[in-house]
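Colleague: The structure file start.csv (CSV, C-alpha atoms and all ligand atoms) is provided below.
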```
chain,number,residue,atom,x,y,z
Z,1,MET,CA,-3.4,4.1,22.6
Z,2,VAL,CA,-6.2,2.2,20.8
Z,3,LYS,CA,-4.8,1.0,17.6
Z,4,LYS,CA,-6.9,1.3,14.4
Z,5,ASN,CA,-7.9,-2.1,13.0
Z,6,THR,CA,-6.3,-2.0,9.6
Z,7,CYS,CA,-6.5,-4.2,6.5
Z,8,VAL,CA,-3.6,-4.3,4.1
Z,9,PHE,CA,-4.3,-5.2,0.4
Z,10,ILE,CA,-1.5,-6.9,-1.5
Z,11,SER,CA,-0.9,-8.6,-4.9
Z,12,GLY,CA,2.8,-9.7,-4.8
Z,13,GLN,CA,6.0,-9.7,-2.8
Z,14,GLY,CA,4.5,-8.0,0.3
Z,15,SER,CA,7.7,-6.3,1.4
Z,16,ASN,CA,5.7,-3.2,2.5
Z,17,LEU,CA,3.3,-5.5,4.4
Z,18,ARG,CA,6.2,-7.1,6.2
Z,19,ASN,CA,7.6,-3.6,7.1
Z,20,LEU,CA,4.2,-2.5,8.4
Z,21,ILE,CA,3.9,-5.7,10.5
Z,22,PHE,CA,7.2,-4.9,12.2
Z,23,HIS,CA,6.2,-1.3,12.8
Z,24,SER,CA,2.8,-2.2,14.2
Z,25,ARG,CA,4.4,-4.3,16.9
Z,26,ASP,CA,5.4,-1.0,18.5
Z,27,ASP,CA,2.8,0.1,21.1
Z,28,LYS,CA,3.1,3.7,19.9
Z,29,PHE,CA,2.4,2.8,16.2
Z,30,PRO,CA,-1.2,3.8,15.5
Z,31,ILE,CA,-2.4,0.7,13.6
Z,32,LYS,CA,-2.9,-3.0,14.1
Z,33,ILE,CA,-2.9,-5.2,11.0
Z,34,SER,CA,-6.0,-7.2,11.6
Z,35,LEU,CA,-6.6,-8.5,8.0
Z,36,VAL,CA,-4.7,-9.1,4.8
Z,37,ILE,CA,-6.5,-9.3,1.5
Z,38,SER,CA,-4.8,-10.6,-1.7
Z,39,ASN,CA,-6.2,-10.9,-5.2
Z,40,ASN,CA,-3.3,-13.3,-6.0
Z,41,LYS,CA,-3.2,-16.7,-4.4
Z,42,LYS,CA,0.5,-17.0,-5.3
Z,43,ALA,CA,1.4,-13.6,-3.7
Z,44,PHE,CA,4.6,-14.2,-1.6
Z,45,GLY,CA,3.2,-11.6,0.9
Z,46,ILE,CA,0.6,-14.1,2.1
Z,47,SER,CA,3.4,-16.0,3.8
Z,48,TYR,CA,3.9,-13.0,6.1
Z,49,ALA,CA,0.3,-13.1,7.1
Z,50,LYS,CA,0.7,-16.8,7.8
Z,51,LYS,CA,3.9,-16.4,9.7
Z,52,TYR,CA,2.6,-13.6,11.9
Z,53,LYS,CA,-0.8,-15.2,12.3
Z,54,ILE,CA,-2.8,-12.4,10.7
Z,55,PRO,CA,-6.1,-13.5,9.2
Z,56,PHE,CA,-6.0,-13.3,5.4
Z,57,ILE,CA,-8.5,-13.8,2.6
Z,58,LEU,CA,-8.0,-14.4,-1.1
Z,59,ILE,CA,-10.3,-12.7,-3.6
Z,60,ASN,CA,-10.9,-13.4,-7.2
Z,61,THR,CA,-11.7,-10.1,-8.9
Z,62,GLY,CA,-13.1,-12.1,-11.8
Z,63,ASN,CA,-15.9,-13.3,-9.6
Z,64,GLN,CA,-19.0,-11.2,-9.5
Z,65,ASP,CA,-19.4,-11.3,-5.7
Z,66,TYR,CA,-15.7,-10.5,-4.9
Z,67,GLU,CA,-16.6,-7.0,-3.7
Z,68,ASN,CA,-19.2,-8.4,-1.3
Z,69,LYS,CA,-16.6,-10.7,0.1
Z,70,ILE,CA,-14.3,-7.8,0.7
Z,71,LEU,CA,-17.0,-5.7,2.4
Z,72,LEU,CA,-18.2,-8.6,4.6
Z,73,ASN,CA,-14.7,-9.4,5.8
Z,74,LEU,CA,-13.9,-5.7,6.5
Z,75,LYS,CA,-17.0,-5.7,8.6
Z,76,LYS,CA,-16.2,-9.0,10.3
Z,77,TYR,CA,-12.8,-7.8,11.3
Z,78,LYS,CA,-14.0,-4.3,12.3
Z,79,ILE,CA,-11.7,-2.7,9.8
Z,80,GLU,CA,-11.4,1.1,10.2
Z,81,PHE,CA,-8.5,1.8,7.9
Z,82,ILE,CA,-7.2,0.4,4.6
Z,83,CYS,CA,-3.7,0.4,3.3
Z,84,LEU,CA,-3.0,-0.6,-0.3
Z,85,ALA,CA,0.6,-1.9,-0.4
Z,86,GLY,CA,1.4,-3.2,-3.9
Z,87,TYR,CA,-2.2,-4.0,-4.7
Z,88,MET,CA,-2.4,-4.0,-8.5
Z,89,LYS,CA,-6.2,-3.8,-8.9
Z,90,ILE,CA,-8.6,-0.8,-9.0
Z,91,ILE,CA,-10.6,-0.3,-5.8
Z,92,SER,CA,-14.4,0.0,-6.5
Z,93,SER,CA,-16.2,3.2,-6.0
Z,94,ASN,CA,-18.4,1.5,-3.5
Z,95,LEU,CA,-15.5,0.6,-1.2
Z,96,ILE,CA,-14.1,4.1,-1.6
Z,97,LYS,CA,-17.4,5.6,-0.5
Z,98,ASN,CA,-17.6,3.2,2.5
Z,99,PHE,CA,-14.1,4.2,3.6
Z,100,ASN,CA,-14.1,7.8,2.6
Z,101,ASN,CA,-10.6,9.2,3.4
Z,102,ARG,CA,-9.6,6.0,5.2
Z,103,ILE,CA,-7.8,4.3,2.3
Z,104,ILE,CA,-4.2,5.1,1.4
Z,105,ASN,CA,-1.9,3.8,-1.3
Z,106,ILE,CA,1.8,3.7,-1.8
Z,107,HIS,CA,2.9,4.5,-5.4
Z,108,PRO,CA,6.5,4.2,-6.8
Z,109,SER,CA,6.7,7.7,-8.4
Z,110,LEU,CA,6.6,11.3,-7.5
Z,111,LEU,CA,2.9,11.8,-8.3
Z,112,PRO,CA,1.3,13.4,-10.2
Z,113,LYS,CA,4.1,12.2,-12.5
Z,114,PHE,CA,3.9,8.6,-13.7
Z,115,LYS,CA,0.5,7.4,-12.5
Z,116,GLY,CA,-0.3,3.8,-13.4
Z,117,LEU,CA,2.1,0.9,-14.2
Z,118,ASN,CA,5.7,0.6,-15.5
Z,119,THR,CA,6.8,3.7,-13.7
Z,120,PHE,CA,10.6,3.0,-13.8
Z,121,SER,CA,10.8,2.3,-17.5
Z,122,ARG,CA,8.8,5.4,-18.3
Z,123,MET,CA,11.0,7.5,-16.0
Z,124,LEU,CA,14.2,6.3,-17.7
Z,125,LYS,CA,12.8,6.9,-21.2
Z,126,LYS,CA,11.9,10.4,-20.2
Z,127,LYS,CA,15.3,11.0,-18.7
Z,128,GLU,CA,13.8,12.1,-15.4
Z,129,VAL,CA,16.2,13.7,-12.9
Z,130,LYS,CA,14.4,12.5,-9.8
Z,131,ALA,CA,12.5,9.4,-8.8
Z,132,GLY,CA,10.7,8.5,-5.5
Z,133,CYS,CA,7.5,7.4,-3.9
Z,134,THR,CA,4.2,8.9,-2.8
Z,135,VAL,CA,1.8,7.9,-0.1
Z,136,HIS,CA,-1.6,9.3,-1.0
Z,137,TYR,CA,-5.3,9.0,-0.2
Z,138,VAL,CA,-7.3,6.9,-2.6
Z,139,ASN,CA,-10.1,8.5,-4.5
Z,140,GLU,CA,-12.0,7.6,-7.7
Z,141,LYS,CA,-9.2,8.8,-9.9
Z,142,LEU,CA,-6.3,6.4,-10.5
Z,143,ASP,CA,-3.4,7.5,-8.3
Z,144,GLY,CA,-5.2,10.8,-8.1
Z,145,GLY,CA,-5.9,11.4,-4.3
Z,146,SER,CA,-4.1,14.0,-2.3
Z,147,ALA,CA,-0.5,13.2,-1.3
Z,148,ILE,CA,0.3,12.6,2.4
Z,149,ILE,CA,4.1,12.1,2.1
Z,150,GLN,CA,6.6,12.0,-0.8
Z,151,LYS,CA,10.2,11.0,-0.7
Z,152,ALA,CA,12.6,11.6,-3.6
Z,153,PHE,CA,16.1,10.8,-4.7
Z,154,PHE,CA,18.3,11.8,-7.7
Z,155,ILE,CA,18.5,9.3,-10.5
Z,156,ASP,CA,22.1,8.2,-11.2
Z,157,VAL,CA,23.3,7.6,-14.8
Z,158,ASN,CA,23.9,4.0,-14.0
Z,159,ASP,CA,20.4,3.3,-12.5
Z,160,ASP,CA,18.4,0.8,-14.4
Z,161,GLU,CA,14.8,-0.3,-13.6
Z,162,GLN,CA,15.9,-2.9,-11.0
Z,163,ILE,CA,18.1,-0.3,-9.2
Z,164,LEU,CA,15.4,2.3,-9.3
Z,165,LYS,CA,12.9,-0.2,-7.8
Z,166,LYS,CA,15.4,-1.0,-5.0
Z,167,LYS,CA,16.1,2.6,-4.2
Z,168,THR,CA,12.4,3.5,-4.3
Z,169,GLN,CA,11.4,0.7,-2.1
Z,170,LYS,CA,14.0,1.6,0.5
Z,171,LEU,CA,12.2,5.0,0.7
Z,172,GLU,CA,8.8,3.4,0.8
Z,173,TYR,CA,9.7,1.5,3.9
Z,174,ARG,CA,10.1,4.9,5.6
Z,175,ALA,CA,7.3,6.8,3.8
Z,176,LEU,CA,4.4,4.4,4.6
Z,177,PRO,CA,4.9,4.2,8.4
Z,178,GLU,CA,5.6,8.0,8.5
Z,179,ALA,CA,2.4,8.7,6.6
Z,180,ILE,CA,0.4,6.5,8.9
Z,181,ILE,CA,1.8,8.3,12.0
Z,182,LYS,CA,1.0,11.6,10.4
Z,183,ILE,CA,-2.6,10.7,9.6
Z,184,PHE,CA,-3.3,9.5,13.2
Z,185,ARG,CA,-1.3,12.1,15.0
Z,186,ASN,CA,-4.3,14.3,15.6
Z,187,PHE,CA,-6.8,11.5,16.4
Z,201,LIG,C1,5.7,-1.2,-4.3
Z,201,LIG,O1,7.0,-0.7,-4.7
Z,201,LIG,C2,4.6,-0.2,-4.6
Z,201,LIG,O2,5.0,1.1,-4.7
Z,201,LIG,C3,4.1,-0.7,-5.9
Z,201,LIG,O3,4.2,-2.1,-5.9
Z,201,LIG,C4,5.4,-2.5,-5.0
Z,201,LIG,C5,4.9,-3.6,-4.2
Z,201,LIG,O4,6.0,-4.1,-3.5
Z,201,LIG,N1,2.8,-0.3,-6.1
Z,201,LIG,C6,2.3,0.0,-7.3
Z,201,LIG,O5,2.9,0.0,-8.3
Z,201,LIG,C7,0.8,0.4,-7.3
Z,201,LIG,N2,0.4,1.0,-8.5
Z,201,LIG,P1,5.7,-5.1,-2.2
Z,201,LIG,O6,4.7,-6.1,-2.6
Z,201,LIG,O7,7.1,-5.7,-2.0
Z,201,LIG,O8,5.3,-4.2,-1.1
```
How would this structure read if it were set down as structure tokens?
Ligand code: GAR

Modeller:
Amino acid sequence: MVKKNTCVFISGQGSNLRNLIFHSRDDKFPIKISLVISNNKKAFGISYAKKYKIPFILINTGNQDYENKILLNLKKYKIEFICLAGYMKIISSNLIKNFNNRIINIHPSLLPKFKGLNTFSRMLKKKEVKAGCTVHYVNEKLDGGSAIIQKAFFIDVNDDEQILKKKTQKLEYRALPEAIIKIFRNF
């Protein structure tokens, strides 16, 4: 199998990146992580790129030419597929056009519910029954592209934000690899 050259965008902990690195070591897993992009120089996730010798670049979204830097590097590393894994910035419409239907994101809610930030506190406030995660294609609307996979669990009365995050991320570590396998199954 020829693995798809993939770039993972991160902003923080990078636990989903770490999980994808492990999965991508399997010959049968459809992607190779060829590049990591972070908008945060202090993101812990960068340490995984270093540890596993994956090229990484830092971008400053405050700089005018940051988008060019992204596009140039995606070209340089022959990137064919993009995975947003805890990337907390909006992707430009130019990049979306360049990678039409080849950018996915993992979001910590059962979309279309709770788009955007602070999902867990809003869920608790609204006394939601279920929480979960969604892997979806990225389009121009925030957290609005079509869903590929969702995984859900019932919220317990004792669940606080921290516990919800933990339970959600546990599902994310299964959802993201499964979504990637599903996408490339027919390629
Ligand atoms: C993940 O739980 C992901 O769902 C969320 O950020 C976390 C990153 O964790 N993404 C968003 O909220 C996107 N709006 P990680 O850095 O440990 O993978």

Colleague: Compile the contact shell of Thr168 (chain Z) as a list in words: residues with an atom at most 10 Å away, counting all atoms listed in the file, same-chain residues fewer than 5 positions apart removed.

Modeller: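 The filter keeps His107, Pro108, Ser109, Phe120, Ala131, Gly132, Cys133, Thr134, Lys151, Ala152, Phe153, Gln162, Ile163 and Tyr173 of chain Z.
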
Colleague: Residues within 8 Å of ligand LIG 201 (chain Z) should be enumerated using only C-alpha atoms and all ligand atoms and returned as a PDB file with C-alpha atoms, in the frame of the given file.

Modeller:
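Saved as selection-v8.pdb:
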```
ATOM      1  CA  ILE Z  10      -1.500  -6.900  -1.500  1.00  0.00           C
ATOM      2  CA  SER Z  11      -0.900  -8.600  -4.900  1.00  0.00           C
ATOM      3  CA  GLY Z  12       2.800  -9.700  -4.800  1.00  0.00           C
ATOM      4  CA  GLN Z  13       6.000  -9.700  -2.800  1.00  0.00           C
ATOM      5  CA  GLY Z  14       4.500  -8.000   0.300  1.00  0.00           C
ATOM      6  CA  SER Z  15       7.700  -6.300   1.400  1.00  0.00           C
ATOM      7  CA  ASN Z  16       5.700  -3.200   2.500  1.00  0.00           C
ATOM      8  CA  LEU Z  17       3.300  -5.500   4.400  1.00  0.00           C
ATOM      9  CA  ARG Z  18       6.200  -7.100   6.200  1.00  0.00           C
ATOM     10  CA  GLY Z  45       3.200 -11.600   0.900  1.00  0.00           C
ATOM     11  CA  ALA Z  85       0.600  -1.900  -0.400  1.00  0.00           C
ATOM     12  CA  GLY Z  86       1.400  -3.200  -3.900  1.00  0.00           C
ATOM     13  CA  TYR Z  87      -2.200  -4.000  -4.700  1.00  0.00           C
ATOM     14  CA  MET Z  88      -2.400  -4.000  -8.500  1.00  0.00           C
ATOM     15  CA  ASN Z 105      -1.900   3.800  -1.300  1.00  0.00           C
ATOM     16  CA  ILE Z 106       1.800   3.700  -1.800  1.00  0.00           C
ATOM     17  CA  HIS Z 107       2.900   4.500  -5.400  1.00  0.00           C
ATOM     18  CA  PRO Z 108       6.500   4.200  -6.800  1.00  0.00           C
ATOM     19  CA  SER Z 109       6.700   7.700  -8.400  1.00  0.00           C
ATOM     20  CA  LYS Z 115       0.500   7.400 -12.500  1.00  0.00           C
ATOM     21  CA  GLY Z 116      -0.300   3.800 -13.400  1.00  0.00           C
ATOM     22  CA  LEU Z 117       2.100   0.900 -14.200  1.00  0.00           C
ATOM     23  CA  ASN Z 118       5.700   0.600 -15.500  1.00  0.00           C
ATOM     24  CA  THR Z 119       6.800   3.700 -13.700  1.00  0.00           C
ATOM     25  CA  CYS Z 133       7.500   7.400  -3.900  1.00  0.00           C
ATOM     26  CA  ASP Z 143      -3.400   7.500  -8.300  1.00  0.00           C
ATOM     27  CA  LYS Z 165      12.900  -0.200  -7.800  1.00  0.00           C
ATOM     28  CA  THR Z 168      12.400   3.500  -4.300  1.00  0.00           C
ATOM     29  CA  GLN Z 169      11.400   0.700  -2.100  1.00  0.00           C
ATOM     30  CA  GLU Z 172       8.800   3.400   0.800  1.00  0.00           C
TER      31      GLU Z 172
END
```

Colleague: Please identify all polymer residues within 12 Å of Tyr66 (chain Z), counting all atoms listed in the file, omitting same-chain residues fewer than 5 positions from it, and present them as a PyMOL selection string.

Modeller: chain Z and resi 37-39+57-61+71-73+91-92+95

Colleague: Could you tell me how far CA of Lys170 (chain Z) sits from CA of Tyr137 (chain Z), in Å to one decimal place?

Modeller: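 One can read the CA of Tyr137 (chain Z) to CA of Lys170 (chain Z) distance as 20.7 Å.
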
Colleague: Using all atoms listed in the file, pick whichever of Z:Leu35, Z:Val129, Z:Leu171, Z:Leu124 has the shortest atom-to-atom distance to Leu74 (chain Z).

Modeller: Z:Leu35

Colleague: Rank Z:Leu20, Z:Val157, Z:Val8, Z:Glu178 by their smallest atom-to-atom distance to Glu80 (chain Z), using only C-alpha atoms, and report the top residue only.

Modeller: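 Closest to Glu80 (chain Z), using only C-alpha atoms: Z:Val8.
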
Colleague: Taking only C-alpha atoms into account, name the residue in Z:Ile181, Z:Ile31, Z:Ile148, Z:Val36 that is nearest to Leu84 (chain Z).

Modeller: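 Checking each of Z:Ile181, Z:Ile31, Z:Ile148, Z:Val36 against Leu84 (chain Z), counting only C-alpha atoms, the winner is Z:Val36.
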
Colleague: Work out how far CA of Ser34 (chain Z) is from CA of Ile54 (chain Z), in Å to one decimal.

Modeller: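 Taking CA of Ile54 (chain Z) as the start and CA of Ser34 (chain Z) as the end point, the length is 6.2 Å.
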
Colleague: Given all atoms listed in the file as the basis, pick out the residue of Z:Asn63, Z:Asn158, Z:Gln150, Z:Thr6 nearest to Val135 (chain Z).

Modeller: Z:Gln150

Colleague: Tell me which protein, DNA and RNA residues are within 8 Å of Asn5 (chain Z), counting all atoms listed in the file, leaving out same-chain ones fewer than 2 positions away, and put them as a list in words.

Modeller: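 Counting all atoms listed in the file, the residues come to Lys3, Cys7, Ile31, Lys32, Ile33, Ser34, Tyr77, Lys78, Ile79, Glu80 and Phe81 of chain Z.
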
Colleague: CA of Arg102 (chain Z) and CA of Ile82 (chain Z) are how many Å apart?

Modeller: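 If I compute the distance from CA of Arg102 (chain Z) to CA of Ile82 (chain Z), I get 6.1 Å.
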